[in-house]
Amino acid sequence: MHKVRGRPPLLAAGISSVIHAHASSVRSLGYVFSFIFPFYTTHEDFSDRLLTQAPAHTDFGKDILPPAASDHNVQAYLFQEYWEDIGTIEAFYQANLALTAQREPLFSFYDEQAPIYTRSRYLPPTKLLDAQVRESMLGEGCILKECTVTRSVIGLRSRIDTGCVIEEALVMGADYYESPSQRVEHSEQGTVPLGVGAHTTIAKAIVDKNARIGRQVRIVNRDHVQEANREDLGFVIRNGIVVVIKNATIPDGMVI
């Protein structure tokens, strides 16, 4: 919530109960309100009063805002540009994957009139070694070797080895590199290096940062499980989407 001093209390939200007085005009625009656009502007003392009146309430948009609309000057702003609620694993997955759509994704990072800035990490360019990449986005500093990536988002410093197939997946990347000598050491000791090992398949999944995926692994939700909590094995499943948790290790040959 953003607090502003010196102006009349005004709250902006995409919630039908707030704009019931203008329901017909809203419907004529084709709006169906099933979520809250969570940005509100109000006097500090006004918001404090609303919150202290009902200390047990924890959700501003659901518990505080609708009752206030009957007694106060509450107004809504109809935001008609791109916005996605990514409050669930499935929504997060779908919103990211939608960025790879061609020819016209719902949101584009390449609009000269609305540039998107990110933190500079001073990483080298991504290196493709005989890799095939289709309808995907690659972060900086990746190394993709003789693999196939289709409709996926590959995060910074990702390393994807020979023979891998990545389809409709979010690979979040890594916070650091492992040196060639460290990777040789992993090979000699039989442990799993950072990144995705050779001949591994990942489909409809999210791989969180710093994950170690072994060789000949299949992350494909083979049994079509909808919900599972297997943190002990390094993953969970939400809405049928396998999520390899941060810093997890998936051993060679494992099938999920």
# chains A, B, ... in the order shown; residues from 1 in each chain; ligands from 1
$ residues_around --residues "range 236-244 of chain A" --least-positions-apart "4" --cutoff "6 Å" --atoms "only C-alpha atoms" --output "list in words"
Ala205, Ile206, Val207, Asp208, Val225, Gln226, Glu227, Ala228, Asn229 and Arg230 of chain A
$ write_last_selection --atoms "N, CA and C atoms" --output "tab-separated table (two decimals), in the first residue's frame"
chain	number	residue	atom	x	y	z
A	205	ALA	N	7.80	-27.68	-16.23
A	205	ALA	CA	8.37	-27.67	-14.88
A	205	ALA	C	9.04	-26.34	-14.60
A	206	ILE	N	9.30	-26.10	-13.32
A	206	ILE	CA	10.07	-24.95	-12.87
A	206	ILE	C	11.27	-25.49	-12.12
A	207	VAL	N	12.44	-25.04	-12.49
A	207	VAL	CA	13.67	-25.41	-11.78
A	207	VAL	C	14.20	-24.16	-11.11
A	208	ASP	N	14.15	-24.14	-9.80
A	208	ASP	CA	14.57	-22.95	-9.05
A	208	ASP	C	16.10	-22.82	-9.09
A	225	VAL	N	0.61	-36.41	-11.53
A	225	VAL	CA	0.23	-36.00	-10.17
A	225	VAL	C	-0.10	-34.52	-10.16
A	226	GLN	N	-1.15	-34.14	-9.45
A	226	GLN	CA	-1.54	-32.74	-9.38
A	226	GLN	C	-0.91	-32.01	-8.20
A	227	GLU	N	-0.82	-32.67	-7.06
A	227	GLU	CA	-0.26	-32.03	-5.87
A	227	GLU	C	0.63	-33.03	-5.14
A	228	ALA	N	1.83	-32.60	-4.76
A	228	ALA	CA	2.73	-33.47	-3.99
A	228	ALA	C	3.75	-32.61	-3.26
A	229	ASN	N	4.14	-33.05	-2.08
A	229	ASN	CA	5.18	-32.38	-1.28
A	229	ASN	C	6.31	-33.38	-1.05
A	230	ARG	N	7.34	-33.28	-1.85
A	230	ARG	CA	8.50	-34.16	-1.72
A	230	ARG	C	9.77	-33.35	-1.56
$ select_by_dssp --residues "range 89-232 of chain A" --states "alpha helix (DSSP H)" --output "JSON, numbers by chain"
{"A": [89, 90, 91, 92, 93, 94, 95, 96, 97, 98, 180, 181, 182, 183, 184, 185, 186, 187, 188, 189]}
$ closest_residue --among "A:Asp45, A:Glu178, A:Glu135, A:Asp223" --to "Leu97 in chain A" --atoms "only C-alpha atoms"
A:Glu135
$ closest_residue --among "A:Gly195, A:His186, A:Pro124, A:Tyr93" --to "Val153 in chain A" --atoms "only C-alpha atoms"
A:Tyr93
$ closest_residue --among "A:Ser136, A:Thr148, A:Asp71, A:Leu156" --to "Ser120 in chain A" --atoms "only C-alpha atoms"
A:Leu156
$ closest_residue --among "A:Ala68, A:Val220, A:Lys204, A:Gly234" --to "Ile89 in chain A" --atoms "only C-alpha atoms"
A:Lys204
$ residues_around --residues "Gly163 in chain A" --least-positions-apart "6" --cutoff "6 Å" --atoms "only C-alpha atoms" --output "list in words"
Glu146, Cys147, Ala198 and His199 of chain A
$ write_last_selection --atoms "N, CA, C and O atoms" --output "tab-separated table (two decimals), in the first residue's frame"
chain	number	residue	atom	x	y	z
A	146	GLU	N	24.74	-28.49	-27.28
A	146	GLU	CA	24.13	-29.59	-28.03
A	146	GLU	C	22.81	-30.04	-27.39
A	146	GLU	O	22.58	-31.23	-27.15
A	147	CYS	N	21.94	-29.09	-27.11
A	147	CYS	CA	20.66	-29.38	-26.48
A	147	CYS	C	19.54	-28.74	-27.29
A	147	CYS	O	19.79	-27.96	-28.21
A	198	ALA	N	23.74	-34.11	-18.69
A	198	ALA	CA	23.57	-34.61	-20.05
A	198	ALA	C	22.37	-35.55	-20.18
A	198	ALA	O	22.06	-36.31	-19.27
A	199	HIS	N	21.69	-35.45	-21.34
A	199	HIS	CA	20.60	-36.35	-21.72
A	199	HIS	C	19.44	-36.32	-20.72
A	199	HIS	O	18.79	-37.34	-20.48
$ atom_distance --atom1 "CA of Cys142 in chain A" --atom2 "CA of Asp232 in chain A"
28.4 Å
$ decode --residues "range 74-120 of chain A" --atoms "N, CA and C atoms" --output "mmCIF file, in the first residue's frame"
data_model
loop_
_atom_site.group_PDB
_atom_site.id
_atom_site.type_symbol
_atom_site.label_atom_id
_atom_site.label_comp_id
_atom_site.auth_asym_id
_atom_site.auth_seq_id
_atom_site.Cartn_x
_atom_site.Cartn_y
_atom_site.Cartn_z
ATOM 1 N N VAL A 74 -14.648 6.056 -1.955
ATOM 2 C CA VAL A 74 -13.772 5.042 -2.524
ATOM 3 C C VAL A 74 -14.020 4.975 -4.025
ATOM 4 N N GLN A 75 -12.978 5.093 -4.786
ATOM 5 C CA GLN A 75 -13.098 5.089 -6.242
ATOM 6 C C GLN A 75 -12.168 4.041 -6.834
ATOM 7 N N ALA A 76 -12.496 3.612 -8.023
ATOM 8 C CA ALA A 76 -11.697 2.592 -8.708
ATOM 9 C C ALA A 76 -11.143 3.145 -10.002
ATOM 10 N N TYR A 77 -9.946 2.718 -10.324
ATOM 11 C CA TYR A 77 -9.322 3.074 -11.602
ATOM 12 C C TYR A 77 -9.278 1.818 -12.467
ATOM 13 N N LEU A 78 -9.850 1.875 -13.652
ATOM 14 C CA LEU A 78 -9.873 0.732 -14.546
ATOM 15 C C LEU A 78 -8.565 0.658 -15.327
ATOM 16 N N PHE A 79 -7.668 -0.189 -14.858
ATOM 17 C CA PHE A 79 -6.367 -0.360 -15.498
ATOM 18 C C PHE A 79 -6.522 -1.308 -16.683
ATOM 19 N N GLN A 80 -6.230 -0.824 -17.886
ATOM 20 C CA GLN A 80 -6.497 -1.587 -19.101
ATOM 21 C C GLN A 80 -5.229 -2.097 -19.780
ATOM 22 N N GLU A 81 -4.084 -1.947 -19.121
ATOM 23 C CA GLU A 81 -2.838 -2.429 -19.709
ATOM 24 C C GLU A 81 -2.506 -3.824 -19.174
ATOM 25 N N TYR A 82 -1.317 -4.302 -19.503
ATOM 26 C CA TYR A 82 -0.927 -5.652 -19.089
ATOM 27 C C TYR A 82 -0.704 -5.740 -17.590
ATOM 28 N N TRP A 83 -1.283 -6.733 -16.973
ATOM 29 C CA TRP A 83 -1.027 -7.051 -15.566
ATOM 30 C C TRP A 83 -1.457 -8.477 -15.329
ATOM 31 N N GLU A 84 -0.649 -9.231 -14.598
ATOM 32 C CA GLU A 84 -0.987 -10.605 -14.278
ATOM 33 C C GLU A 84 -0.807 -10.852 -12.794
ATOM 34 N N ASP A 85 -1.739 -11.562 -12.212
ATOM 35 C CA ASP A 85 -1.620 -12.004 -10.827
ATOM 36 C C ASP A 85 -0.782 -13.274 -10.822
ATOM 37 N N ILE A 86 0.373 -13.257 -10.161
ATOM 38 C CA ILE A 86 1.241 -14.433 -10.132
ATOM 39 C C ILE A 86 1.322 -14.980 -8.711
ATOM 40 N N GLY A 87 0.184 -14.974 -8.043
ATOM 41 C CA GLY A 87 0.137 -15.415 -6.650
ATOM 42 C C GLY A 87 0.149 -16.919 -6.462
ATOM 43 N N THR A 88 0.040 -17.692 -7.530
ATOM 44 C CA THR A 88 0.119 -19.144 -7.430
ATOM 45 C C THR A 88 1.222 -19.657 -8.348
ATOM 46 N N ILE A 89 1.654 -20.895 -8.096
ATOM 47 C CA ILE A 89 2.686 -21.499 -8.934
ATOM 48 C C ILE A 89 2.224 -21.578 -10.384
ATOM 49 N N GLU A 90 0.981 -21.996 -10.594
ATOM 50 C CA GLU A 90 0.469 -22.116 -11.957
ATOM 51 C C GLU A 90 0.419 -20.769 -12.658
ATOM 52 N N ALA A 91 -0.041 -19.714 -11.949
ATOM 53 C CA ALA A 91 -0.118 -18.385 -12.554
ATOM 54 C C ALA A 91 1.283 -17.857 -12.876
ATOM 55 N N PHE A 92 2.225 -18.068 -11.969
ATOM 56 C CA PHE A 92 3.615 -17.654 -12.198
ATOM 57 C C PHE A 92 4.193 -18.355 -13.424
ATOM 58 N N TYR A 93 3.946 -19.647 -13.514
ATOM 59 C CA TYR A 93 4.441 -20.444 -14.641
ATOM 60 C C TYR A 93 3.839 -19.964 -15.959
ATOM 61 N N GLN A 94 2.530 -19.807 -15.991
ATOM 62 C CA GLN A 94 1.863 -19.412 -17.228
ATOM 63 C C GLN A 94 2.250 -17.998 -17.659
ATOM 64 N N ALA A 95 2.376 -17.068 -16.710
ATOM 65 C CA ALA A 95 2.724 -15.682 -17.048
ATOM 66 C C ALA A 95 4.123 -15.600 -17.647
ATOM 67 N N ASN A 96 5.067 -16.362 -17.114
ATOM 68 C CA ASN A 96 6.422 -16.355 -17.654
ATOM 69 C C ASN A 96 6.482 -17.017 -19.021
ATOM 70 N N LEU A 97 5.788 -18.144 -19.160
ATOM 71 C CA LEU A 97 5.814 -18.840 -20.436
ATOM 72 C C LEU A 97 5.150 -18.012 -21.536
ATOM 73 N N ALA A 98 4.150 -17.220 -21.171
ATOM 74 C CA ALA A 98 3.447 -16.389 -22.156
ATOM 75 C C ALA A 98 4.367 -15.359 -22.797
ATOM 76 N N LEU A 99 5.461 -15.010 -22.116
ATOM 77 C CA LEU A 99 6.394 -14.028 -22.668
ATOM 78 C C LEU A 99 7.123 -14.554 -23.908
ATOM 79 N N THR A 100 7.113 -15.867 -24.097
ATOM 80 C CA THR A 100 7.803 -16.448 -25.251
ATOM 81 C C THR A 100 6.898 -16.564 -26.469
ATOM 82 N N ALA A 101 5.617 -16.227 -26.319
ATOM 83 C CA ALA A 101 4.660 -16.404 -27.417
ATOM 84 C C ALA A 101 5.041 -15.543 -28.617
ATOM 85 N N GLN A 102 4.796 -16.085 -29.793
ATOM 86 C CA GLN A 102 5.044 -15.378 -31.047
ATOM 87 C C GLN A 102 3.751 -15.344 -31.857
ATOM 88 N N ARG A 103 3.433 -14.327 -32.594
ATOM 89 C CA ARG A 103 4.303 -13.184 -32.838
ATOM 90 C C ARG A 103 4.068 -12.049 -31.866
ATOM 91 N N GLU A 104 2.932 -12.032 -31.233
ATOM 92 C CA GLU A 104 2.597 -10.927 -30.357
ATOM 93 C C GLU A 104 2.326 -11.430 -28.947
ATOM 94 N N PRO A 105 3.338 -11.462 -28.087
ATOM 95 C CA PRO A 105 3.107 -11.862 -26.695
ATOM 96 C C PRO A 105 2.243 -10.833 -25.970
ATOM 97 N N LEU A 106 1.621 -11.261 -24.879
ATOM 98 C CA LEU A 106 0.776 -10.341 -24.114
ATOM 99 C C LEU A 106 1.567 -9.150 -23.592
ATOM 100 N N PHE A 107 2.849 -9.373 -23.330
ATOM 101 C CA PHE A 107 3.718 -8.287 -22.877
ATOM 102 C C PHE A 107 5.063 -8.428 -23.573
ATOM 103 N N SER A 108 5.612 -7.305 -24.007
ATOM 104 C CA SER A 108 6.888 -7.333 -24.721
ATOM 105 C C SER A 108 7.942 -6.518 -23.977
ATOM 106 N N PHE A 109 9.131 -7.093 -23.885
ATOM 107 C CA PHE A 109 10.264 -6.371 -23.299
ATOM 108 C C PHE A 109 10.949 -5.466 -24.329
ATOM 109 N N TYR A 110 10.459 -5.476 -25.562
ATOM 110 C CA TYR A 110 11.180 -4.823 -26.643
ATOM 111 C C TYR A 110 10.458 -3.598 -27.187
ATOM 112 N N ASP A 111 9.646 -2.972 -26.357
ATOM 113 C CA ASP A 111 8.924 -1.767 -26.745
ATOM 114 C C ASP A 111 9.812 -0.550 -26.481
ATOM 115 N N GLU A 112 10.216 0.118 -27.543
ATOM 116 C CA GLU A 112 11.120 1.265 -27.414
ATOM 117 C C GLU A 112 10.498 2.393 -26.605
ATOM 118 N N GLN A 113 9.157 2.503 -26.625
ATOM 119 C CA GLN A 113 8.477 3.570 -25.902
ATOM 120 C C GLN A 113 8.298 3.244 -24.423
ATOM 121 N N ALA A 114 8.518 2.008 -24.049
ATOM 122 C CA ALA A 114 8.362 1.611 -22.643
ATOM 123 C C ALA A 114 9.478 0.638 -22.283
ATOM 124 N N PRO A 115 10.715 1.129 -22.187
ATOM 125 C CA PRO A 115 11.851 0.242 -21.932
ATOM 126 C C PRO A 115 11.792 -0.383 -20.538
ATOM 127 N N ILE A 116 12.300 -1.603 -20.434
ATOM 128 C CA ILE A 116 12.378 -2.320 -19.172
ATOM 129 C C ILE A 116 13.843 -2.352 -18.743
ATOM 130 N N TYR A 117 14.112 -1.863 -17.551
ATOM 131 C CA TYR A 117 15.479 -1.834 -17.034
ATOM 132 C C TYR A 117 15.663 -2.909 -15.971
ATOM 133 N N THR A 118 16.830 -3.509 -15.933
ATOM 134 C CA THR A 118 17.121 -4.519 -14.930
ATOM 135 C C THR A 118 18.487 -4.232 -14.328
ATOM 136 N N ARG A 119 18.773 -4.900 -13.218
ATOM 137 C CA ARG A 119 20.049 -4.674 -12.546
ATOM 138 C C ARG A 119 21.193 -5.228 -13.385
ATOM 139 N N SER A 120 22.224 -4.426 -13.566
ATOM 140 C CA SER A 120 23.366 -4.869 -14.353
ATOM 141 C C SER A 120 24.203 -5.852 -13.536
#
